[in-house]
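A quick write-up on the structure given underneath.
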Amino acid sequence: MMLCSHCRKKEASVFFKAIDQNQVIELHLCDDCAEKRGISLVSEPSSLSIPEILAGLSGLGIKPGGLKEQSAACQACGLRYSQFRETGRLGCNHCYASFRPLLAPLVSRIHGFPRHQGRTYRLNSSRNLEELKKKLKLAVAQEDFETAAALRDQIRQAGQSE
Amino acid sequence: MQLNNMLKLKAAWLSADAPESAIVLSSRVRLARNLERHAFPGKARAKDLSRVIGEIFEGTRKNRIFGKAAFLRLEDLDDLDRSLLVERHLISKDLTAEPANRGVVVGEKEKMSLMINEEDHLRMQSLEAGLSLSAAWEALRRLDDELGQRLNFAYDPDWGFLTACPTNLGTGLRASCLLHLPALVWTGSLNRVLESLSRMRVIVRGLYGEGTRVLGDLFQLSNATCLGSTEEDFIKHLTDVVQTLVVREKEERQKLCAGGERLKLEDSMYRSVGILSHCRIITFEEAMHHLSYIRLGIALGWAMPMGLPQLNDIFLTAQPAHIQMAAQKELAARERDQFRAEKIRGQIRA
């Protein structure tokens, strides 16, 4: 018999797996502990809001690799993780990279699966190139040579991959 | 009141000539996408939001699917126009909350449409009549291919298409069907059926989607998750669930017709015909209640004063914004109910 990894008293019946960038987090919970945290298989997945699911996940001993929940912020848009906890909405696509270890268990909980299996997508490289050239022109005009140098490298790279 | 021309148009998704259209009114598939270079709408500045509309309008105009489309900015429309779009299931109520820098593109026959700067930069939708999720998906897949070439979507190989809310992450796909389930409601079996649905990762909602009430025994079923399977698998799963429900509803209808409840059902149905044919004041909710019985009567092949196409038309045009648009002015609730009664009586006589 496998005991509940949270209360260590009852038999575990809900098995919950989340994949972080480099580690698999496994939890075995009894019905009661799972229910209390909204991780019941019987409950409708969408009946809980994101803040509720997050509240349920915290205190389960998931330690996201080195990221501190309170101070974590997205480098691109400035959204703090604590703001996401309140609203359930991310600020930009870079938030997914900034908060990756914190989001991994949530994504698994919502979808019951940690990886995308649907359509694949590649950025349109010729369009990307156009955009980069436009930016380079702007950077040169503004005499921002540091940015211009970085953009030139990116253009060279994009040109090679085409 | 720019959009009053829309009243003359029949929404293709309300056609009565479609698979299982006696029970399944419509099938809808939507995809959530975001542009890589801009913050999500909730965090973006007004200037960025305006640029997003511009980029999406530009990318879409070249698309043959939207050759004859209407490109609209919500701030250019009045409240009534915006409500009309909600009632025709072309935009969400959320999009109307803050009209500045929100956009919508409506394709021919209202089959394909885009919603811009709601929770995500882009929501593409494909609507079909009856149980036609695969057809709706096929049309949307082609649109996604084309727009994906012109716009740069935010994408991560592990997590798929990136969305403002992690519940839409992955495929960004939400498929839904609008079902008419009066027999399951009548016999009280619906609750048990709905309970089993939640275990199958299917969500049930009211007529206008999230957080809306159930009217006229109409239920919207959609997939609860959208990451971890292919788009085709999500579509197939929902189609299977809807098909099961269609069978259950049909069984329940047969039982009702054969059993001791038949007389009671007949009585309710013909009372509804009487009320809609003679009422002088009627709310939308009450009209929906009676239309539900008449729809059931038509499906059972009983003598009813109208066919399914006519009933679908009344169902669409009895909604509050449609009524005011037809009256060509804003009306108070009481005036609306009066105008609605008059209109429905006319539609039944026609």
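Ordering of the structure tokens sets the chain letters (A, B, ...); residue numbers start at 1 within each chain; ligands are numbered from 1 in the order shown.
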
Find the residues around Glu108 of chain B up to 9 Å (only C-alpha atoms counted), leave out those fewer than 6 positions away in its own chain, and share them as a VMD selection string. chain B and resid 65 to 70

Residue neighbourhood segment 41-52 of chain B, 6 Å, only C-alpha atoms, exclusion window fewer than 3 positions, as an MDAnalysis selection string: (chainID A and resid 91) or (chainID B and resid 55 101 117)

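For the choices A:Arg89, A:Arg156, A:Lys134, A:Arg122, the atom-to-atom distance to chain B is smallest for A:Arg89 when using only C-alpha atoms.
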
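Residue nearest chain B within the list A:Phe113, A:Asp153, A:Leu132, A:Leu29: A:Phe113 [criterion: smallest interatomic distance, only C-alpha atoms].
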
Would you list, as a list in words, the residues of segment 198-233 of chain B that end up in helix (DSSP H, G or I) under DSSP run on this structure's backbone? Ser198, Arg199, Glu231, Glu232 and Asp233 of chain B
